[in-house]
Each structure stands twice: as structure tokens, then as C-alpha cells.
Amino acid sequence: MYTKPDILELYDKAIRINKSCPDHRRAFDYWMQHNNKAPEQSLSFDTETTGISFGVPSMLHIGNTDIKVYNIKVFGISLAIPTRKRIVLIWARLGTDLFDEAVKLLGICGQKVAHNARYDLRVCKINSIKITEETHCTLTAARIYWDRRQRFGLQPLCEIICPELSDWELAVKSESRRIKSKYTRAGYPKGYINYSFISDKIMAEYSMIDSFLCLMIHCMIHPRMQDTYEEVYTREQKVLKLALKMEQQGLQYDCRKSLIEERKFNKKAVILEKQLYKIAGEEFNIKSPAQVLSILLKLKIPVKLITADSELSTDKNLLEPIVDHKLWKNEKGLLFLETLLNIKAIYKQVYSYLIPLRKRAMYNNGKIYCNINATDTRTGRTAVTDPGLQTIPRLISRRKRKNPIRSCFICRPGYWNYHFDYAQIEMIFYAVLIGETRIIDAYNEGRDIYTEIAQFTCSEEDLEYIRKTLGDPRQQLKHLSLAVLYGAGVPGTAKILQMPKDRAASLLAGYLEACPLVVEYRNQCKHELYTKGYVEDFFGRRYHIEPGQAYKAPNAVVQGSCAQILKIALIQINEYLETSSDRARILIPEHDEFITERPSADRDTEILFCRNVVSAMQNIKQLTDRRLKIRVDVERTKTNWEAKKKLEIS
DNA sequence: GCGATCAGCGG
DNA sequence: ACTTCGCTGATCGCA
């Protein structure tokens with residue numbers, strides 16, 4: 001077991017680096033003034049990596065050979081270790097004794113802190129670096145503490161905490177640019193260069209300050225996390241670990257099927273493109289809004305049809321009604337627009353989803369890995385990136401056909417996938433929040449709440465209008481209800497429902513008159529913002545909002561609360577799975593839904609499994625206390641996500 | 001490289 | 001006087 005004085009001797013070399021750097025001297029000075037707040041047993045670290053995306057082996061073409069590069073490699077670790085008299089900063093590069101010692105240190109003593117711990121922990125796991133004890137995440141803490149900020153990188157946080165250090169990134173950035181251009185000139189491929197090319201002298205300064213700032217943020221926020229936000233923070237800590245676990249599992253993707261679908265789409269696209277060029281009388285770039293606009297003007301479209309907010313636009317929401325209601329009295333023009341919209345829909349499918357997903361899966365034996373950012377949004381929702389799996393289309397727009405992309409996500413051999421979906425969670429939570437019993441009663445009796453809301457807020461005439469002009473009323477009403485309750489005004493309502501402003505105005509007025517509690521809650525939020533500066537939900541999370549933007553408050557509370565509900569559910573499902581003998585796993589969360597997998601088995605154990613997961617999702621104290629039991633829909637499939645079927649478990 | 005635009009998702 | 005919100009990602013066009 002190392003003790004701190006030993007470590008200082010071991011890192012004698014590292015300390016010398018510190019003393020030669022003016023930035024670090026300033027850091028020391030800063031530290032000396034503030035170190036009384038330091039948690040004695042903590043240590044912050046930062047890993048420097050070669051920047052290859054997680055889970056995606058990349059191909060580098062160098063000379064005549066292709067090299068396949070697997071995963072992220074650590075080439076250096078920096079540490080910031082607080083002692084009673086000073087803070088020790090260390091930079092250790094891969095291959096040195098110092099590096100080995102740093103790795104040992106991470107494996108043995110004290111509490112660890114990292115900025116974006118999920119990333120660093122993932123990197124360490126891939127590189128077989130063991131980290132013992134709890135790892136605190138300053139990104140997570142900062143998200144909770146400064147919830148309305150946009151950016152949480154070290155640089156923006158540094159501006160608040162120690163502005164005197166805020167230019168530490170410049171040297172490494174400019175050096176990186178210099179090296180990049182040098183290698184690019186020499187013909188090396190894009191992505192070949194990374195921070196490991198940068199000299200130790202520059203890298204050390206940069207990386208050590210990173211660790212230092214991370215520790216500073218920790219010292220500043222941690223005490224607050226312990227008293228004000230303890231519940232929220234410990235929840236996030238748990239979710240962080242689960243996100244890490246899910247990231248490493250990956251999802252199964254059917255590359256062959258994907259390729260077949262791509263070819264079908266491409267065939268159609270080629271035909272449509274030819275038609276489009278023929279109508280336009282020339283070839284142009286369909287993907288460029290500017291060029292599309294000039295063609296439309298050439299075809300003499302009435303300018304007012306494509307004007308939004310006094311600017312010309314080729315927005316889909318603008319063009320679609322023109323086609324649907326034949327607003328443009330020009331056969332040729334309508335055919336042009338229709339073809340254009342169809343092509344754009346196909347492009348979206350192919351270039352945004354099918355091709356990128358297949359490429360990823362191909363490099364990984366049919367697996368797709370993604371980043372699950374549990375705390376990266378202002379409201380506490382989880383975001384999935386790289387690839388963004390939460391945005392896979394349900395239907396192909398305009399054609400209203402089932403989407404082939406979802407059918408490319410398949411179950412692992414021998415497993416079934418189960419989708420657990422909270423039914424209408426946000427709206428029913430909102431009803432509980434404001435105490436609207438009519439909606440709660442309808443929900444408890446199993447009725448659809450959006451149609452219910454429509455009935456007591458809209459006049460027959462308005463409903464008829466919506467039905468006639470917009471087709472499927474349910475989806476429209478859902479959209480409208482959410483928009484109105486969260487504060488849409490007359491223009492917003494008119495835009496959503498594509499109706500004249502006077503009709504929107506009367507609709508909106510009727511709506512708010514029928515739901516006085518909505519207005520009441522808005523005012524309550526406003527008052528709270530003016531007196532306290534934030535609104536708080538049932539789960540301990542606070543949302544700081546400018547009083548001038550009070551209209552955002554109800555949305556923040558509802559969206560944030562639902563995110564918290566999902567996180568509580570995630571933790572509870574995981575607790576259940578850990579104690580059960582099922583070899584079941586959670587694959588991915590999707591806003592209001594969990595996708596899980598489980599080995600195929602007889603019906604009895606399957607139903608039991610589903611019931612347990614559902615009750616883990618329903619057993620949320622803050623809701624059961626308010627007599628709300630959220631419905632959970634269960635669907636299952638043994639082939640692909642498109643083919644899932646509803647499963648009755650009650 | 002970076003912001004704007006336009007597509008998709010969720011409620 | 002006025003305002004739904006939150007997110008990702010591909011592409012364009014400008015600097």
C-alpha cells in the first residue's frame with residue numbers, strides 16, 4: 001500500500017515538470033488559497049487517447065496497405081493529487097515507469113474523480129486499467145448544479161472557476177493544427193493524426209491542467225452534491241455505471257437485410273431523380289436547399305406559398321400542405337414537389353440511417369455500439385449518440401409505410417427482445433402535477449387521454465376541422481395537447497395544425513378556459529422562479545430558468561421528472577435482474593421505453609419476468625404516493641424490432 | 001472548421 | 001408583446 005509521501009518521491013520527476021511551467025505555478029497559487037476545501041482522500045485523473053471512436057474499428061489507408069485500428073488506446077494519464085500543502089500534478093506517458101505507477105495508483109488508493117467519468121472508465125476498461133472505488137463525475141455534478149448552462153466542457157467551466165487559467169488549451173490546439181497540416185501535406189489520411197503525436201512538453205501542461213481543473217470543480221461542487229442534491233446525484237452515479245454496461249453490450253444488426261433495403265431505395269431514387277430533372281428542365285443538387293429554392297422560383301411558384309417568417313424556405317412542413325391540398329394551381333409544379341419530397345424521404349433513410357448503421361455493424365461482426373450519455377441533457381434525459389439510436393424513424397414519411405430500418409435490428413440467436421413502454425407518461429405526469437382529475441380518471445379507466453382532452457377542450461366544429469384537414473386526429477391532437485400545455489401561443493398552434501390564426505386563437509382560448517389548472521400552474525411556476533430562481537420537481541432535481549422565460553418551466557419540470565422516473569426504473573430493473581436467475585439484460589433506454597433481451601423459455605417464466613420488470617417500472621414512490629400507477633405496454637419479438645407484437649401479461 | 005438548415009426522434 | 005421543449009446527424013455554404 002502506498003502512502004502519499006511515497007508517491008511524492010516516486011513522482012519526483014513529474015513534480016519537476018510542474019515547476020517549470022508558469023501555468024502550473026499559477027495553479028499552485030490558486031490551490032494554496034483554496035485547498036482547505038479539498039476532500040483529503042480524492043484524486044482526479046484524465047486519460048489522453050488516440051481518439052478512435054468507441055466500438056468502431058477504423059480503417060486507415062497508409063501507403064498501399066489498410067490497417068484496421070481497434071478501439072481507443074490510452075497513450076497517457078494525468079493525475080492531480082491533493083496533499084495538505086499543495087497539489088501534485090503528474091503527466092505519465094505510455095511506456096514509461098511513471099505510467100505504470102500511475103496505473104497502479106488508480107488501482108489502489110482513495111476516491112477517484114474524472115470529468116465525464118463514463119468516458120474515462122470506458123477507456124480504462126478497454127485498456128485493462130483497473131480503477132478501484134467510486135469514481136465521481138464532475139460532468140454529471142456540473143449538469144445538476146448548473147442545469148441551464150449549454151456547455152459543460154472544461155473550458156467553459158474554467159471560465160467560472162478559475163478564469164486566470166482559461167487559455168491553457170491554446171498551445172495544444174495550435175500544435176495539433178500544425179502537425180495535422182504537416183501530415184496532410186505528406187498524404188496521410190484523415191484521422192491518422194491525434195494528440196499522441198504532440199510532444200510531451202506541450203501535452204503534459206495541457207493534460208495536467210485538465211486534471212487540475214477537474215479536481216477544482218469537484219472541490220467546488222461536491223459539498224453541494226452531498227447536501228442539496230444527494231438523491232439526484234447518487235441516482236445519476238448509478239445510472240452512469242449502467243450506461244457503461246449497456247454501451248459495451250452492443251446491438252445486433254442485420255447487414256445483409258440492410259444492404260437489400262438500400263438497393264431497393266437507390267433504385268427508386270434514381271428513377272425519381274430522372275423525373276425530377278425532367279420536370280425542372282435541368283440537373284441540380286437536390287440536397288441543397290438554395291438550389292431547390294431557385295428551381296421552385298424558376299417554375300414560378302407563388303412566393304407566398306413558400307414564405308415562413310417573411311423568409312423563403314423549402315421546409316418540408318411548408319411544402320407538404322401545398323401538395324396535399326393542391327394549393328399551387330399548377331400540375332407540373334405539384335408533381336415536382338411531390339417527387340422532391342419522396343426523394344428527400346429516401347435520401348434521409350439511406351444516408352442518415354441505413355448506410356451509416358451498416359458500415360458500423362460490418363466492422364463489428366454485426367454489432368452496433370453507441371454512446372449512452374446519461375446526463376448530457378439539460379432536463380436530465382438520456383441521449384444516445386454515435387449512432388443516434390433514439391431517432392430511428394417509425395414510418396417512412398409521406399408514404400406511411402413500415403420502416404425497414406427497424407427490421408434490421410435483430411435479436412441475438414436464442415434470445416427474445418422485450419420492449420417495455422410507459423404509456424403516455426409525460427401527459428399523465430403533467431395531469432398529476434397540476435391535479436387535473438378528469439385526465440387522471442380517464443387514464444385509470446384505460447381510455448386514451450389525448451382523445452379525452454380533445455373532447456372537453458375543443459368544440460365539435462374544431463374537431464371536425466382537424467379531422468377533415470389533417471387526417472389522423474389522434475397524432476395531431478397529441479402534438480397539439482403537448483404544445484398547448486407547454487405554452488404554445490397562437491402562431492405556434494396555427495403552425496402545428498396548419499390552420500388560420502383566428503381559428504387557432506379561438507381553439508387556444510377554449511383550451512385554456514377548459515383547463516384552468518394549466519394557467520394556474522404556469523403562474524405558480526412564474527412566482528417560484530421570481531422568488532427562488534428555480535423550480536423543483538418531486539425527485540429533488542432543480543431547474544434554474546430565467547424568470548423572463550417562465551413559459552419554459554412547466555415543460556422543464558415535466559420532461560425532467562419523466563427522465564428521473566425512467567432513471568429510477570432503470571436502476572430498479574437492474575436490481576431485479578441482478579437477483580434473478582434469468583440471463584436477461586437491458587439493451588437500451590429510449591425516452592419512455594426500455595428494450596431488454598432474454599433467452600427464450602417457457603411461457604410461465606416469461607410472464608413472470610415481464611411482470612417483475614413492469615412492477616419495477618411502476619414502483620416509483622413519488623408516483624404511488626400520489627396514487628398514480630403508470631401503465632406499461634409490453635411487446636416482444638424473436639426476430640426483429642419491426643415484427644414486435646403486444647404481449648398481455650395481466 | 002463552424003453555424004445554419006432541414007430531416008428524424010421523444011413527450 | 002411574445003414564446004412549446006429536449007435531443008442527433010447529414011449536408012451546405014461561408015469564412
# chains A, B, ... in the order shown; residues from 1 in each chain; ligands from 1

$ closest_atom_pairs --of "stretch 302-413 of chain A" --to "chain C" --cutoff "7 Å" --atoms "only C-alpha atoms (C1' of nucleotides)" --output "CSV"
residue,atom,partner,partner_atom,distance
A:Ser352,CA,C:DA10,C1',6.4
A:Ala383,CA,C:DC7,C1',6.7
A:Thr385,CA,C:DT8,C1',6.6
A:Gly388,CA,C:DT8,C1',5.6

$ interface_residues --of "chain B" --to "chain A" --cutoff "8 Å" --atoms "only C-alpha atoms (C1' of nucleotides)" --output "list in words"
DT5, DC6, DA7, DG8, DC9, DG10 and DG11 of chain B

$ write_last_selection --atoms "all heavy atoms" --output "short mmCIF file (atom, residue, chain, number, x, y, z; two decimals), in the first residue's frame"
data_model
loop_
_atom_site.label_atom_id
_atom_site.label_comp_id
_atom_site.auth_asym_id
_atom_site.auth_seq_id
_atom_site.Cartn_x
_atom_site.Cartn_y
_atom_site.Cartn_z
P DT B 5 -31.06 29.55 -40.79
OP1 DT B 5 -31.65 30.60 -41.64
OP2 DT B 5 -31.46 29.40 -39.38
"O5'" DT B 5 -31.28 28.15 -41.51
"C5'" DT B 5 -30.76 27.97 -42.83
"C4'" DT B 5 -31.09 26.56 -43.30
"O4'" DT B 5 -30.19 25.62 -42.68
"C3'" DT B 5 -32.51 26.11 -42.93
"O3'" DT B 5 -33.13 25.59 -44.09
"C2'" DT B 5 -32.29 25.02 -41.88
"C1'" DT B 5 -30.93 24.48 -42.30
N1 DT B 5 -30.17 23.78 -41.22
C2 DT B 5 -29.56 22.57 -41.51
O2 DT B 5 -29.62 22.05 -42.61
N3 DT B 5 -28.88 22.02 -40.48
C4 DT B 5 -28.75 22.52 -39.19
O4 DT B 5 -28.11 21.92 -38.35
C5 DT B 5 -29.40 23.78 -38.96
C7 DT B 5 -29.31 24.41 -37.60
C6 DT B 5 -30.07 24.35 -39.97
P DC B 6 -34.71 25.36 -44.14
OP1 DC B 6 -35.21 25.81 -45.45
OP2 DC B 6 -35.33 25.86 -42.90
"O5'" DC B 6 -34.76 23.77 -44.11
"C5'" DC B 6 -34.02 23.03 -45.09
"C4'" DC B 6 -33.93 21.60 -44.62
"O4'" DC B 6 -33.01 21.51 -43.52
"C3'" DC B 6 -35.28 21.06 -44.12
"O3'" DC B 6 -35.67 19.92 -44.85
"C2'" DC B 6 -35.02 20.73 -42.66
"C1'" DC B 6 -33.50 20.54 -42.63
N1 DC B 6 -32.91 20.77 -41.30
C2 DC B 6 -31.98 19.86 -40.79
O2 DC B 6 -31.66 18.90 -41.49
N3 DC B 6 -31.46 20.06 -39.57
C4 DC B 6 -31.85 21.12 -38.85
N4 DC B 6 -31.31 21.27 -37.65
C5 DC B 6 -32.78 22.07 -39.35
C6 DC B 6 -33.29 21.86 -40.57
P DA B 7 -37.13 19.35 -44.65
OP1 DA B 7 -37.60 18.93 -45.98
OP2 DA B 7 -37.92 20.29 -43.84
"O5'" DA B 7 -36.86 18.07 -43.74
"C5'" DA B 7 -36.72 16.80 -44.33
"C4'" DA B 7 -35.91 15.90 -43.44
"O4'" DA B 7 -34.91 16.66 -42.73
"C3'" DA B 7 -36.71 15.26 -42.31
"O3'" DA B 7 -37.40 14.13 -42.81
"C2'" DA B 7 -35.57 14.81 -41.40
"C1'" DA B 7 -34.52 15.91 -41.60
N9 DA B 7 -34.42 16.81 -40.46
C8 DA B 7 -34.98 18.04 -40.31
N7 DA B 7 -34.69 18.61 -39.16
C5 DA B 7 -33.89 17.68 -38.52
C6 DA B 7 -33.26 17.68 -37.28
N6 DA B 7 -33.34 18.69 -36.40
N1 DA B 7 -32.54 16.58 -36.95
C2 DA B 7 -32.46 15.58 -37.82
N3 DA B 7 -33.02 15.48 -39.02
C4 DA B 7 -33.72 16.57 -39.32
P DG B 8 -38.69 13.63 -42.02
OP1 DG B 8 -39.29 12.60 -42.87
OP2 DG B 8 -39.44 14.82 -41.60
"O5'" DG B 8 -38.11 12.96 -40.70
"C5'" DG B 8 -37.52 11.67 -40.78
"C4'" DG B 8 -36.77 11.37 -39.51
"O4'" DG B 8 -35.83 12.42 -39.24
"C3'" DG B 8 -37.63 11.35 -38.23
"O3'" DG B 8 -38.33 10.14 -38.13
"C2'" DG B 8 -36.54 11.45 -37.18
"C1'" DG B 8 -35.56 12.43 -37.84
N9 DG B 8 -35.76 13.80 -37.35
C8 DG B 8 -36.46 14.82 -37.94
N7 DG B 8 -36.46 15.93 -37.23
C5 DG B 8 -35.72 15.60 -36.11
C6 DG B 8 -35.38 16.38 -34.97
O6 DG B 8 -35.66 17.55 -34.72
N1 DG B 8 -34.62 15.64 -34.06
C2 DG B 8 -34.24 14.34 -34.23
N2 DG B 8 -33.51 13.81 -33.25
N3 DG B 8 -34.55 13.61 -35.27
C4 DG B 8 -35.29 14.29 -36.17
P DC B 9 -39.66 10.12 -37.28
OP1 DC B 9 -40.29 8.84 -37.62
OP2 DC B 9 -40.36 11.39 -37.45
"O5'" DC B 9 -39.14 10.04 -35.78
"C5'" DC B 9 -38.33 8.96 -35.38
"C4'" DC B 9 -37.77 9.23 -34.01
"O4'" DC B 9 -36.97 10.42 -34.02
"C3'" DC B 9 -38.82 9.54 -32.96
"O3'" DC B 9 -39.41 8.35 -32.52
"C2'" DC B 9 -37.98 10.20 -31.90
"C1'" DC B 9 -36.99 11.01 -32.72
N1 DC B 9 -37.34 12.44 -32.86
C2 DC B 9 -37.02 13.33 -31.83
O2 DC B 9 -36.45 12.88 -30.84
N3 DC B 9 -37.35 14.63 -31.94
C4 DC B 9 -37.99 15.06 -33.04
N4 DC B 9 -38.28 16.36 -33.10
C5 DC B 9 -38.34 14.18 -34.10
C6 DC B 9 -38.01 12.89 -33.97
P DG B 10 -40.85 8.37 -31.91
OP1 DG B 10 -41.29 6.98 -31.74
OP2 DG B 10 -41.65 9.32 -32.68
"O5'" DG B 10 -40.62 9.02 -30.47
"C5'" DG B 10 -39.74 8.41 -29.56
"C4'" DG B 10 -39.57 9.32 -28.38
"O4'" DG B 10 -38.88 10.52 -28.79
"C3'" DG B 10 -40.88 9.84 -27.83
"O3'" DG B 10 -41.48 8.86 -27.01
"C2'" DG B 10 -40.39 11.04 -27.02
"C1'" DG B 10 -39.28 11.59 -27.92
N9 DG B 10 -39.72 12.72 -28.75
C8 DG B 10 -40.23 12.68 -30.02
N7 DG B 10 -40.53 13.86 -30.49
C5 DG B 10 -40.21 14.72 -29.46
C6 DG B 10 -40.32 16.13 -29.38
O6 DG B 10 -40.73 16.93 -30.22
N1 DG B 10 -39.88 16.60 -28.14
C2 DG B 10 -39.40 15.82 -27.13
N2 DG B 10 -39.03 16.45 -26.01
N3 DG B 10 -39.29 14.51 -27.19
C4 DG B 10 -39.71 14.03 -28.39
P DG B 11 -43.02 8.75 -26.94
OP1 DG B 11 -43.31 7.53 -26.19
OP2 DG B 11 -43.54 8.97 -28.30
"O5'" DG B 11 -43.42 10.00 -26.07
"C5'" DG B 11 -43.03 10.01 -24.70
"C4'" DG B 11 -43.24 11.38 -24.16
"O4'" DG B 11 -42.53 12.33 -24.96
"C3'" DG B 11 -44.66 11.89 -24.23
"O3'" DG B 11 -45.41 11.37 -23.12
"C2'" DG B 11 -44.45 13.39 -24.10
"C1'" DG B 11 -43.08 13.61 -24.73
N9 DG B 11 -43.19 14.30 -26.01
C8 DG B 11 -43.50 13.78 -27.23
N7 DG B 11 -43.55 14.68 -28.17
C5 DG B 11 -43.25 15.86 -27.52
C6 DG B 11 -43.16 17.18 -28.02
O6 DG B 11 -43.34 17.58 -29.16
N1 DG B 11 -42.84 18.08 -27.02
C2 DG B 11 -42.63 17.75 -25.70
N2 DG B 11 -42.33 18.75 -24.87
N3 DG B 11 -42.71 16.53 -25.22
C4 DG B 11 -43.03 15.64 -26.19
#

$ atom_distance --atom1 "atom CA of A:Ile193" --atom2 "atom CA of A:Leu170"
17.7 Å

$ select_by_dssp --residues "stretch 188-322 of chain A" --states "alpha helix (DSSP H)" --output "VMD selection string"
chain A and resid 200 to 227 230 to 249 255 to 280 289 to 298 316 to 322

$ select_by_dssp --residues "stretch 578-635 of chain A" --states "strand (DSSP E)" --output "compact mmCIF listing (two decimals) with C-alpha atoms, in the first residue's frame"
# COMPACT_ATOMS: atom_id res chain seq x y z
CA ARG A 585 -30.20 -7.72 -19.92
CA ILE A 586 -31.27 -4.18 -20.60
CA LEU A 587 -30.16 -3.26 -24.10
CA ILE A 588 -31.02 0.41 -24.40
CA PRO A 589 -33.31 3.10 -22.97
CA GLU A 593 -39.10 2.77 -23.25
CA PHE A 594 -36.64 0.07 -22.28
CA ILE A 595 -35.54 -2.61 -24.70
CA THR A 596 -34.39 -5.78 -23.00
CA GLU A 597 -33.35 -9.22 -24.10
CA ARG A 598 -33.85 -12.59 -22.50
CA PRO A 599 -33.13 -16.21 -23.51
CA VAL A 632 -46.61 -0.13 -19.11
CA ASP A 633 -47.10 -1.72 -22.52
CA VAL A 634 -45.08 -4.85 -23.24
CA GLU A 635 -44.15 -6.00 -26.69

$ atom_distance --atom1 "atom CA of A:Pro491" --atom2 "atom CA of A:Ile439"
26.2 Å

$ residues_around --residues "A:His115" --least-positions-apart "6" --cutoff "6 Å" --atoms "only C-alpha atoms (C1' of nucleotides)" --output "ChimeraX atom specification"
/A:137-139,214

$ closest_residue --among "A:Phe420, A:Tyr511, A:Trp146, A:Tyr351" --to "chain C" --atoms "only C-alpha atoms (C1' of nucleotides)"
A:Tyr351

$ residues_around --residues "stretch 256-260 of chain A" --least-positions-apart "3" --cutoff "7 Å" --atoms "only C-alpha atoms (C1' of nucleotides)" --output "PDB file with N, CA and C atoms, in the first residue's frame"
ATOM      1  N   ARG A 263     -30.490  -1.039 -51.619  1.00  0.00           N
ATOM      2  CA  ARG A 263     -30.560  -1.162 -53.082  1.00  0.00           C
ATOM      3  C   ARG A 263     -31.952  -0.844 -53.586  1.00  0.00           C
ATOM      4  N   LYS A 264     -32.966  -1.317 -52.844  1.00  0.00           N
ATOM      5  CA  LYS A 264     -34.343  -1.007 -53.261  1.00  0.00           C
ATOM      6  C   LYS A 264     -34.551   0.504 -53.297  1.00  0.00           C
ATOM      7  N   LEU A 354     -29.490   3.862 -42.956  1.00  0.00           N
ATOM      8  CA  LEU A 354     -29.079   2.550 -43.460  1.00  0.00           C
ATOM      9  C   LEU A 354     -27.564   2.433 -43.673  1.00  0.00           C
ATOM     10  N   ARG A 358     -25.036   0.259 -41.271  1.00  0.00           N
ATOM     11  CA  ARG A 358     -24.448  -0.959 -41.839  1.00  0.00           C
ATOM     12  C   ARG A 358     -22.923  -0.906 -41.782  1.00  0.00           C
ATOM     13  N   CYS A 408     -34.001  -4.123 -39.394  1.00  0.00           N
ATOM     14  CA  CYS A 408     -32.595  -4.548 -39.456  1.00  0.00           C
ATOM     15  C   CYS A 408     -32.021  -4.771 -38.056  1.00  0.00           C
TER      16      CYS A 408
END
